[in-house]
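Peer 1: Below is the file query.txt, with compact mmCIF, C-alpha atoms.
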# COMPACT_ATOMS: atom_id res chain seq x y z
CA MET A 1 0.00 0.00 0.00
CA ILE A 2 1.28 3.43 -0.94
CA LYS A 3 0.09 5.59 1.95
CA PHE A 4 -1.30 9.03 1.30
CA LEU A 5 1.08 10.39 3.94
CA ASP A 6 3.46 8.16 5.90
CA LEU A 7 4.09 10.17 9.06
CA HIS A 8 6.20 7.40 10.61
CA ARG A 9 8.63 7.50 7.68
CA ILE A 10 8.67 11.30 7.66
CA ASN A 11 9.54 11.56 11.35
CA SER A 12 12.05 8.72 11.05
CA LEU A 13 14.11 11.00 8.80
CA HIS A 14 15.07 12.95 11.92
CA LYS A 15 14.44 10.29 14.56
CA GLU A 16 17.64 10.70 16.57
CA GLU A 17 17.44 14.49 16.69
CA ILE A 18 13.75 14.41 17.64
CA GLU A 19 14.35 11.88 20.40
CA GLU A 20 17.24 13.95 21.74
CA ALA A 21 15.07 17.10 21.71
CA ILE A 22 12.26 15.33 23.59
CA LYS A 23 14.71 13.93 26.13
CA ARG A 24 16.15 17.42 26.67
CA VAL A 25 12.69 18.84 27.41
CA VAL A 26 11.70 15.99 29.73
CA ASN A 27 14.92 16.35 31.69
CA SER A 28 14.60 20.13 31.89
CA GLY A 29 11.53 20.04 34.13
CA TRP A 30 10.11 23.04 32.23
CA TYR A 31 7.24 22.30 29.86
CA LEU A 32 5.52 25.57 28.88
CA ARG A 33 6.79 28.99 27.80
CA GLY A 34 10.44 28.06 28.19
CA ARG A 35 13.65 28.11 26.17
CA GLU A 36 12.47 25.75 23.44
CA THR A 37 9.44 27.93 22.73
CA GLU A 38 11.54 31.09 22.75
CA LYS A 39 14.04 29.47 20.37
CA PHE A 40 11.34 28.26 18.00
CA GLU A 41 9.47 31.55 17.94
CA LYS A 42 12.66 33.39 16.99
CA ALA A 43 13.67 30.79 14.40
CA TYR A 44 10.22 30.70 12.83
CA ALA A 45 9.92 34.49 12.67
CA ASP A 46 13.32 34.59 10.95
CA PHE A 47 12.26 31.82 8.57
CA ILE A 48 8.98 33.52 7.60
CA GLY A 49 10.53 36.99 7.54
CA THR A 50 8.52 38.78 10.23
CA ARG A 51 9.48 40.56 13.43
CA PHE A 52 7.30 38.36 15.63
CA ALA A 53 6.09 34.77 15.89
CA ILE A 54 3.82 33.76 18.78
CA GLY A 55 3.28 30.06 19.42
CA CYS A 56 -0.25 28.87 20.16
CA GLY A 57 -2.31 25.70 20.43
CA ASN A 58 -3.25 25.15 16.77
CA GLY A 59 -3.98 26.82 13.46
CA LEU A 60 -7.63 27.61 14.23
CA ASP A 61 -6.58 29.34 17.43
CA ALA A 62 -3.94 31.29 15.51
CA LEU A 63 -6.52 32.82 13.18
CA THR A 64 -8.99 33.40 16.01
CA LEU A 65 -6.34 35.11 18.14
CA ILE A 66 -5.50 37.47 15.27
CA LEU A 67 -9.15 38.48 14.87
CA ARG A 68 -9.66 38.76 18.62
CA GLY A 69 -6.47 40.79 18.84
CA TYR A 70 -7.72 43.27 16.29
CA MET A 71 -10.99 43.53 18.21
CA GLU A 72 -9.11 44.33 21.42
CA LEU A 73 -7.19 47.00 19.50
CA GLY A 74 -10.41 48.52 18.16
CA VAL A 75 -9.70 47.64 14.55
CA LEU A 76 -12.60 45.16 14.36
CA ALA A 77 -15.96 45.12 16.15
CA PRO A 78 -18.66 42.44 16.55
CA GLY A 79 -20.64 42.06 13.34
CA ASP A 80 -17.93 43.40 11.04
CA GLU A 81 -17.49 41.54 7.77
CA VAL A 82 -14.44 39.51 6.79
CA ILE A 83 -14.02 38.32 3.20
CA VAL A 84 -12.81 34.71 2.98
CA PRO A 85 -12.50 32.11 0.20
CA ALA A 86 -15.53 29.87 -0.30
CA ASN A 87 -13.13 27.06 -1.21
CA THR A 88 -11.20 26.43 1.99
CA TYR A 89 -10.94 24.21 5.02
CA ILE A 90 -13.64 25.03 7.57
CA ALA A 91 -11.14 26.45 10.11
CA SER A 92 -10.66 29.60 8.02
CA ILE A 93 -14.35 30.36 8.46
CA LEU A 94 -14.78 29.04 12.00
CA ALA A 95 -12.20 31.56 13.21
CA ILE A 96 -14.36 34.41 11.89
CA THR A 97 -17.60 33.25 13.49
CA ARG A 98 -15.82 32.31 16.74
CA ALA A 99 -14.71 35.94 17.00
CA GLY A 100 -18.27 37.24 16.50
CA LEU A 101 -17.58 38.48 12.98
CA LYS A 102 -19.42 37.81 9.72
CA PRO A 103 -17.79 35.74 6.94
CA VAL A 104 -18.41 36.82 3.36
CA LEU A 105 -17.67 33.97 0.95
CA VAL A 106 -15.91 34.68 -2.35
CA GLU A 107 -15.54 32.05 -5.08
CA PRO A 108 -12.11 30.84 -6.22
CA ASP A 109 -10.44 31.33 -9.59
CA PRO A 110 -10.76 27.94 -11.34
CA SER A 111 -7.24 28.24 -12.75
CA THR A 112 -5.50 28.81 -9.40
CA LEU A 113 -8.08 27.27 -6.99
CA GLN A 114 -7.39 30.31 -4.76
CA ILE A 115 -9.68 33.25 -3.97
CA ASP A 116 -10.52 35.09 -7.19
CA ASP A 117 -9.08 38.59 -6.85
CA ARG A 118 -11.49 39.78 -9.59
CA ARG A 119 -14.44 39.06 -7.28
CA ILE A 120 -13.15 40.58 -4.03
CA GLU A 121 -13.96 44.22 -4.70
CA THR A 122 -17.61 43.52 -5.51
CA ALA A 123 -17.96 41.74 -2.13
CA ILE A 124 -16.82 44.80 -0.15
CA THR A 125 -19.50 46.69 1.81
CA PRO A 126 -19.33 49.52 4.36
CA LYS A 127 -19.01 46.81 7.06
CA THR A 128 -16.00 45.04 5.49
CA ARG A 129 -12.91 45.34 7.66
CA ALA A 130 -10.60 42.50 6.61
CA VAL A 131 -9.75 39.91 3.96
CA ILE A 132 -8.46 36.44 4.77
CA ILE A 133 -6.57 34.69 1.99
CA VAL A 134 -5.81 30.97 2.28
CA HIS A 135 -2.70 29.52 0.65
CA LEU A 136 -4.69 26.37 -0.05
CA TYR A 137 -2.95 23.13 -1.06
CA GLY A 138 0.39 24.86 -0.38
CA LYS A 139 0.07 27.36 -3.26
CA ASN A 140 0.49 31.11 -2.82
CA ALA A 141 -2.86 32.93 -2.91
CA PHE A 142 -1.54 36.49 -2.67
CA THR A 143 -1.64 38.75 -5.71
CA GLN A 144 -0.60 42.34 -6.24
CA ARG A 145 -4.25 43.14 -6.91
CA ILE A 146 -5.30 41.80 -3.49
CA GLY A 147 -2.67 43.95 -1.81
CA GLU A 148 -3.87 47.03 -3.68
CA ILE A 149 -7.53 46.38 -2.83
CA CYS A 150 -6.73 46.08 0.87
CA ARG A 151 -4.67 49.27 0.82
CA ASN A 152 -7.28 51.22 -1.16
CA TYR A 153 -10.14 50.23 1.15
CA GLY A 154 -8.17 50.26 4.41
CA LEU A 155 -8.72 46.53 5.02
CA LYS A 156 -6.56 44.26 7.14
CA LEU A 157 -5.03 41.43 5.12
CA ILE A 158 -4.78 38.18 7.08
CA GLU A 159 -3.12 35.05 5.70
CA ASP A 160 -4.10 31.50 6.52
CA ASN A 161 -0.70 29.89 6.00
CA ALA A 162 -1.62 26.55 7.56
CA GLN A 163 -0.75 24.61 4.40
CA ALA A 164 2.10 26.65 2.95
CA GLN A 165 5.10 26.93 5.28
CA GLY A 166 8.09 27.83 3.11
CA CYS A 167 6.09 28.94 0.06
CA LEU A 168 7.56 31.94 -1.77
CA TYR A 169 6.05 34.97 -3.50
CA THR A 170 8.03 37.12 -5.92
CA THR A 171 6.86 40.71 -6.16
CA ALA A 172 5.99 41.93 -9.64
CA SER A 173 7.49 45.39 -9.14
CA GLU A 174 10.85 46.57 -10.43
CA GLY A 175 13.68 45.10 -8.37
CA ALA A 176 11.61 42.00 -7.63
CA GLU A 177 11.69 40.91 -4.00
CA ILE A 178 11.20 37.32 -2.85
CA ARG A 179 9.13 36.91 0.34
CA LYS A 180 7.56 33.98 2.13
CA THR A 181 3.84 33.52 2.56
CA GLY A 182 3.03 34.38 6.15
CA SER A 183 4.83 37.72 5.76
CA LEU A 184 2.74 39.24 2.97
CA GLY A 185 -0.21 40.58 4.97
CA ASP A 186 -0.76 42.28 8.30
CA ALA A 187 -0.77 38.98 10.20
CA SER A 188 -0.80 35.27 9.46
CA GLY A 189 -2.03 32.10 11.16
CA HIS A 190 0.03 28.90 10.90
CA SER A 191 -0.76 25.27 11.74
CA PHE A 192 1.78 22.61 12.71
CA TYR A 193 -0.72 19.74 12.74
CA PRO A 194 1.30 16.52 12.24
CA GLY A 195 0.33 16.17 8.57
CA LYS A 196 1.50 19.66 7.60
CA ASN A 197 4.77 20.24 5.72
CA LEU A 198 6.17 21.44 9.05
CA GLY A 199 4.39 19.11 11.41
CA ALA A 200 4.61 18.71 15.18
CA LEU A 201 3.89 15.49 17.09
CA GLY A 202 0.48 16.84 18.08
CA ASP A 203 -1.44 20.08 17.72
CA ALA A 204 0.49 23.36 17.56
CA GLY A 205 0.25 26.68 15.76
CA ALA A 206 1.65 30.20 15.53
CA VAL A 207 0.83 33.78 14.60
CA THR A 208 3.33 35.85 12.63
CA THR A 209 3.19 39.63 12.26
CA ASN A 210 5.33 42.76 12.10
CA ASP A 211 2.90 44.66 14.36
CA PRO A 212 4.27 44.94 17.92
CA GLN A 213 0.89 45.89 19.38
CA LEU A 214 -0.88 42.95 17.80
CA SER A 215 1.94 40.62 18.83
CA GLU A 216 1.64 41.68 22.47
CA VAL A 217 -2.15 41.35 22.51
CA VAL A 218 -2.13 37.94 20.77
CA ARG A 219 0.40 36.59 23.25
CA ALA A 220 -1.69 37.78 26.19
CA LEU A 221 -4.98 36.50 24.71
CA GLY A 222 -3.47 33.03 24.32
CA ASN A 223 -2.38 33.13 27.95
CA TYR A 224 -5.86 33.64 29.48
CA GLY A 225 -5.71 37.36 28.62
CA SER A 226 -2.77 37.96 30.92
CA HIS A 227 0.32 40.08 30.35
CA GLU A 228 1.35 39.57 33.97
CA LYS A 229 0.78 36.49 36.12
CA TYR A 230 -2.65 36.53 37.81
CA ILE A 231 -3.50 39.90 36.20
CA PHE A 232 -6.14 39.59 33.45
CA ASP A 233 -6.81 42.63 31.29
CA MET A 234 -8.76 40.69 28.64
CA GLN A 235 -10.99 37.64 28.48
CA GLY A 236 -8.48 35.32 26.90
CA VAL A 237 -8.11 31.60 26.26
CA ASN A 238 -5.56 28.91 27.01
CA SER A 239 -3.71 28.46 23.71
CA ARG A 240 0.03 28.00 24.06
CA ILE A 241 2.53 25.86 22.21
CA ASP A 242 4.22 23.46 24.63
CA GLU A 243 7.96 22.91 25.01
CA LEU A 244 7.88 19.40 23.52
CA GLN A 245 6.23 20.55 20.30
CA ALA A 246 8.51 23.57 20.05
CA ALA A 247 11.57 21.35 20.46
CA VAL A 248 10.41 18.96 17.74
CA LEU A 249 9.63 21.86 15.40
CA ASN A 250 13.08 23.33 16.03
CA VAL A 251 14.53 20.11 14.64
CA LYS A 252 12.23 19.82 11.64
CA LEU A 253 12.38 23.49 10.60
CA LYS A 254 16.03 23.04 9.57
CA TYR A 255 15.02 20.55 6.88
CA LEU A 256 11.81 22.15 5.64
CA ASP A 257 13.17 23.83 2.50
CA ASP A 258 14.80 20.61 1.29
CA GLU A 259 11.66 18.59 2.03
CA ASN A 260 9.51 21.12 0.19
CA GLN A 261 11.81 20.80 -2.81
CA ARG A 262 11.27 17.04 -2.82
CA ARG A 263 7.52 17.69 -2.93
CA ARG A 264 8.05 19.97 -5.95
CA ASP A 265 10.08 17.27 -7.69
CA VAL A 266 7.26 14.77 -7.16
CA ALA A 267 4.69 17.30 -8.36
CA GLN A 268 6.70 17.97 -11.52
CA LYS A 269 6.67 14.26 -12.33
CA TYR A 270 2.90 14.11 -11.80
CA LEU A 271 2.34 17.20 -13.94
CA THR A 272 4.52 15.90 -16.76
CA GLU A 273 3.60 12.23 -16.87
CA ILE A 274 -0.07 11.87 -15.86
CA LYS A 275 -1.94 11.61 -19.17
CA ASN A 276 -5.56 10.48 -18.99
CA GLU A 277 -8.48 12.32 -20.56
CA LYS A 278 -10.63 11.43 -17.54
CA ILE A 279 -8.24 13.24 -15.17
CA ILE A 280 -7.78 17.01 -15.07
CA LEU A 281 -4.50 18.27 -13.63
CA PRO A 282 -4.31 21.57 -11.73
CA GLU A 283 -2.90 24.54 -13.60
CA PHE A 284 0.12 24.56 -11.29
CA SER A 285 3.82 24.64 -12.01
CA ALA A 286 6.41 23.09 -9.72
CA THR A 287 7.98 26.44 -8.86
CA THR A 288 8.70 28.08 -5.52
CA ASP A 289 5.22 29.63 -5.27
CA ASN A 290 3.93 26.18 -4.28
CA VAL A 291 5.10 23.76 -1.56
CA PHE A 292 2.55 21.11 -2.60
CA HIS A 293 1.12 20.32 0.80
CA ILE A 294 -1.57 18.67 -1.32
CA PHE A 295 -1.45 17.61 -4.97
CA PRO A 296 -5.05 17.81 -6.24
CA ILE A 297 -6.39 16.21 -9.40
CA PHE A 298 -9.96 16.41 -10.67
CA SER A 299 -12.32 13.96 -12.30
CA GLU A 300 -16.03 13.74 -12.99
CA GLU A 301 -15.59 10.10 -11.98
CA ARG A 302 -13.78 11.00 -8.76
CA ASP A 303 -15.39 8.39 -6.50
CA SER A 304 -14.81 5.57 -8.97
CA LEU A 305 -11.23 6.75 -9.46
CA GLN A 306 -10.59 6.75 -5.73
CA GLU A 307 -11.98 3.23 -5.38
CA TYR A 308 -9.89 2.04 -8.34
CA LEU A 309 -6.72 3.46 -6.79
CA LYS A 310 -7.55 1.90 -3.42
CA ASN A 311 -8.00 -1.49 -5.10
CA ASN A 312 -4.57 -1.03 -6.65
CA GLY A 313 -2.90 -0.26 -3.31
CA ILE A 314 -2.82 3.55 -3.55
CA GLU A 315 -4.32 5.62 -0.74
CA THR A 316 -5.87 9.00 -1.57
CA LEU A 317 -7.89 11.63 0.28
CA ILE A 318 -10.50 14.21 -0.72
CA HIS A 319 -9.86 17.86 0.18
CA TYR A 320 -12.72 18.38 0.90
CA PRO A 321 -15.85 16.26 0.35
CA VAL A 322 -18.35 18.91 1.54
CA ALA A 323 -17.95 22.63 0.86
CA PRO A 324 -18.18 24.95 3.90
CA HIS A 325 -21.43 26.54 2.71
CA LYS A 326 -23.06 23.10 2.56
CA GLN A 327 -22.08 22.08 6.11
CA LYS A 328 -24.78 21.67 8.76
CA CYS A 329 -22.93 24.03 11.10
CA TYR A 330 -23.80 26.93 8.76
CA PRO A 331 -27.44 26.23 7.84
CA GLU A 332 -27.99 29.83 6.74
CA TRP A 333 -25.70 29.15 3.74
CA ASN A 334 -27.00 25.74 2.69
CA SER A 335 -29.17 27.14 -0.10
CA LEU A 336 -26.35 29.25 -1.57
CA SER A 337 -25.20 28.43 -5.09
CA LEU A 338 -21.41 28.67 -5.43
CA PRO A 339 -20.81 26.62 -8.58
CA VAL A 340 -17.02 26.92 -8.83
CA THR A 341 -16.52 25.84 -5.23
CA GLU A 342 -19.07 23.05 -5.54
CA LYS A 343 -17.40 21.66 -8.66
CA ILE A 344 -14.02 21.59 -6.90
CA HIS A 345 -15.44 19.76 -3.90
CA ARG A 346 -17.32 17.34 -6.16
CA GLU A 347 -14.32 16.40 -8.32
CA GLU A 348 -11.15 16.88 -6.23
CA LEU A 349 -8.88 13.95 -5.28
CA SER A 350 -5.51 14.29 -3.54
CA LEU A 351 -2.60 12.08 -4.59
CA PRO A 352 0.17 10.83 -2.28
CA ILE A 353 2.94 13.42 -2.01
CA SER A 354 5.57 13.81 0.69
CA PRO A 355 9.34 14.05 1.22
CA VAL A 356 9.56 10.27 1.69
CA ILE A 357 7.57 8.93 -1.26
CA THR A 358 10.01 7.11 -3.54
CA ASP A 359 10.48 7.54 -7.28
CA ASP A 360 9.23 3.99 -7.80
CA GLU A 361 6.08 4.74 -5.81
CA VAL A 362 5.46 7.92 -7.80
CA SER A 363 5.90 6.02 -11.06
CA LEU A 364 3.43 3.38 -9.90
CA VAL A 365 0.84 6.07 -9.03
CA ILE A 366 1.27 7.60 -12.49
CA GLU A 367 1.10 4.27 -14.30
CA THR A 368 -2.03 3.28 -12.40
CA LEU A 369 -3.72 6.64 -13.10
CA ASN A 370 -2.93 6.45 -16.79
CA GLN A 371 -4.62 3.05 -17.00
CA PHE A 372 -7.88 4.22 -15.40
Let me see the file written as structure tokens.
Peer 2:
Amino acid sequence: MIKFLDLHRINSLHKEEIEEAIKRVVNSGWYLRGRETEKFEKAYADFIGTRFAIGCGNGLDALTLILRGYMELGVLAPGDEVIVPANTYIASILAITRAGLKPVLVEPDPSTLQIDDRRIETAITPKTRAVIIVHLYGKNAFTQRIGEICRNYGLKLIEDNAQAQGCLYTTASEGAEIRKTGSLGDASGHSFYPGKNLGALGDAGAVTTNDPQLSEVVRALGNYGSHEKYIFDMQGVNSRIDELQAAVLNVKLKYLDDENQRRRDVAQKYLTEIKNEKIILPEFSATTDNVFHIFPIFSEERDSLQEYLKNNGIETLIHYPVAPHKQKCYPEWNSLSLPVTEKIHREELSLPISPVITDDEVSLVIETLNQF
């Protein structure tokens, strides 16, 4: 069986270093808000290219803490609108409603599968205060046009970078500058769920930003609303990265760029060699604007294709089987018609891709697909 994602093999790449890091934490007697967290926050901020990184419990908390932080700073207020892609994982939207804000769904561009920057401006109302872009599947979602819209309308730009650690964006202006996703907006939420390109051994997340005020508020909100022990200026939550996860992430961060490159190499082989009229490939290229957290293909016979691959020893997943606006948790949206999003969710299938998949395994996936 070719696993969709073999976490045991991935973590075995750095087994000795991870075990040494865990042993160091256990023997230290200090398990929260210690040296490992401080080291990781600095290393991750440097890696992303921001002044601040604040560890938290998970990616959903990271986005929620950003929105809550802006509310504490008076930038957002209950009922304000936040534009968000209709085609995304539910966490991007849950963060908005958790904070007492109103999501406004915008369809994706079929060619990029990311939020369609041609549709954003028409979704803006007098109550719009922010835009969340999601670097879905590991591909950069930021465009120059999105940046200009946010500047022109005075909107906060928040990135959901849960799937795209290490992804690059090259500015289109003269003297092109290369920056990492997670540093392109006003703030960004990151997830280190074990299956992510930079994965912990449990739940963990972070917020990155260049804003010192937001950084201070986010850190306090994640610590029960406390800047000072037993003094609570805000109604916060308990959302802190622990020392064990920070130590593991310190090990794995060193190898992330190389492991992302292996994903690109696999993606290039898929893009070049999969040839089947029943399978539509994404309009991606294996360049640095994509870290291929997920490699999606599309087929009108998606369910039959998935069963066929399973019967041939190839595990796949669907990202995602039910669109957010069709979920029971948001009944007010269930009657909405969002045809681009619905088509993606009806036809998408994710192929195995990781730093540890072998060339022979990739070739077998391709051969099997081409015979469908």
Peer 1: One decimal, in Å: what's the spacing between atom CA of A:Ser363 and atom CA of A:Ser111?
Peer 2: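 Separation of atom CA of A:Ser363 and atom CA of A:Ser111: 25.9 Å.
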Peer 1: Which residue, A:Gly74, A:Pro355, A:Gly166, A:Gly205, has the smallest gap to A:Ser191 when you use only C-alpha atoms?
Peer 2: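 Of the candidates, the smallest distance to A:Ser191 is held by A:Gly205.
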Peer 1: Hey, can you pull every residue with an atom no more than 12 Å from (15.1, 13.2, 12.5), using only C-alpha atoms, and send it as a list in words?
Peer 2: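 Those residues, ordered by chain and then number, are Leu7, His8, Arg9, Ile10, Asn11, Ser12, Leu13, His14, Lys15, Glu16, Glu17, Ile18, Glu19, Glu20, Ala21, Ile22, Ala247, Val248, Leu249, Asn250, Val251, Lys252, Leu253, Lys254, Tyr255 and Leu256 of chain A.
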Peer 1: Excluding A:Glu277 and residues on its chain fewer than 5 positions from it, collect all residues at most 10 Å away from it, counting all atoms listed in the file, and give them as a list in words.
Peer 2: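 With the cut-off at 10 Å, the set is Ser299, Asn370 and Phe372 of chain A.
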Peer 1: Please compute the atom CA of A:Ala141-atom CA of A:Asn58 distance, one decimal, in Å.
Peer 2: 21.2 Å
Peer 1: To one decimal place in Å, what is the distance between atom CA of A:Ala99 and atom CA of A:Val237?
Peer 2: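 Atom-to-atom, atom CA of A:Ala99 and atom CA of A:Val237 are spaced 12.2 Å apart.
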Peer 1: Under the rule that only C-alpha atoms are counted, which of A:Ala200, A:Ile353, A:Leu60, A:Val25 is the nearest residue to A:Leu94?
Peer 2: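 With only C-alpha atoms as the atom set, the closest residue is A:Leu60.
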Peer 1: Residues proximal to (-18.7, 32.9, 16.2) were defined as those with any atom within 12 Å of that point in the file's coordinates, counting all atoms listed in the file. Which are they, as a list in words?
Peer 2: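 Neighbouring residues, ordered by chain and number, come to Thr64, Leu67, Arg68, Pro78, Gly79, Asp80, Ala91, Ser92, Ile93, Leu94, Ala95, Ile96, Thr97, Arg98, Ala99, Gly100, Leu101, Lys102, Pro103, Cys329 and Tyr330 of chain A.
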Peer 1: Kindly save the residues from that selection, with C-alpha atoms included, as a PDB file, in the coordinates of the input.
Peer 2:
ATOM      1  CA  THR A  64      -8.990  33.400  16.010  1.00  0.00           C
ATOM      2  CA  LEU A  67      -9.150  38.480  14.870  1.00  0.00           C
ATOM      3  CA  ARG A  68      -9.660  38.760  18.620  1.00  0.00           C
ATOM      4  CA  PRO A  78     -18.660  42.440  16.550  1.00  0.00           C
ATOM      5  CA  GLY A  79     -20.640  42.060  13.340  1.00  0.00           C
ATOM      6  CA  ASP A  80     -17.930  43.400  11.040  1.00  0.00           C
ATOM      7  CA  ALA A  91     -11.140  26.450  10.110  1.00  0.00           C
ATOM      8  CA  SER A  92     -10.660  29.600   8.020  1.00  0.00           C
ATOM      9  CA  ILE A  93     -14.350  30.360   8.460  1.00  0.00           C
ATOM     10  CA  LEU A  94     -14.780  29.040  12.000  1.00  0.00           C
ATOM     11  CA  ALA A  95     -12.200  31.560  13.210  1.00  0.00           C
ATOM     12  CA  ILE A  96     -14.360  34.410  11.890  1.00  0.00           C
ATOM     13  CA  THR A  97     -17.600  33.250  13.490  1.00  0.00           C
ATOM     14  CA  ARG A  98     -15.820  32.310  16.740  1.00  0.00           C
ATOM     15  CA  ALA A  99     -14.710  35.940  17.000  1.00  0.00           C
ATOM     16  CA  GLY A 100     -18.270  37.240  16.500  1.00  0.00           C
ATOM     17  CA  LEU A 101     -17.580  38.480  12.980  1.00  0.00           C
ATOM     18  CA  LYS A 102     -19.420  37.810   9.720  1.00  0.00           C
ATOM     19  CA  PRO A 103     -17.790  35.740   6.940  1.00  0.00           C
ATOM     20  CA  CYS A 329     -22.930  24.030  11.100  1.00  0.00           C
ATOM     21  CA  TYR A 330     -23.800  26.930   8.760  1.00  0.00           C
TER      22      TYR A 330
END
Peer 1: Quick one: residues within 6 Å of A:Val218, only C-alpha atoms counted, chain neighbours fewer than 3 positions away excluded, as a ChimeraX atom specification?
Peer 2: /A:65,69,214-215,221
Peer 1: Here is a test: counting all atoms listed in the file, which residue of A:Glu348, A:Asp109, A:Asp289, A:Asp61 is nearest to A:Thr316?
Peer 2: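 Using all atoms listed in the file, A:Thr316 sits closest to A:Glu348.
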Peer 1: Kindly list the centre and edge lengths in Å, rounded to one decimal, for the axis-aligned box that covers all listed atoms of stretch 80-84 of chain A plus 3 Å on each of its six sides, as AutoDock Vina command-line options.
Peer 2:
--center_x -15.4 --center_y 39.1 --center_z 7.0 --size_x 11.1 --size_y 14.7 --size_z 14.1
Peer 1: From the options A:Tyr270, A:Lys3, A:Ser337, A:Glu72, which residue's atoms come nearest to A:Ile357, counting all atoms listed in the file?
Peer 2: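 Selected residue with least distance to A:Ile357: A:Lys3.
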Peer 1: Tell me which of A:Val217, A:Cys150, A:Ala246, A:Leu113 sits closest to A:Phe298, counting all atoms listed in the file.
Peer 2: A:Leu113
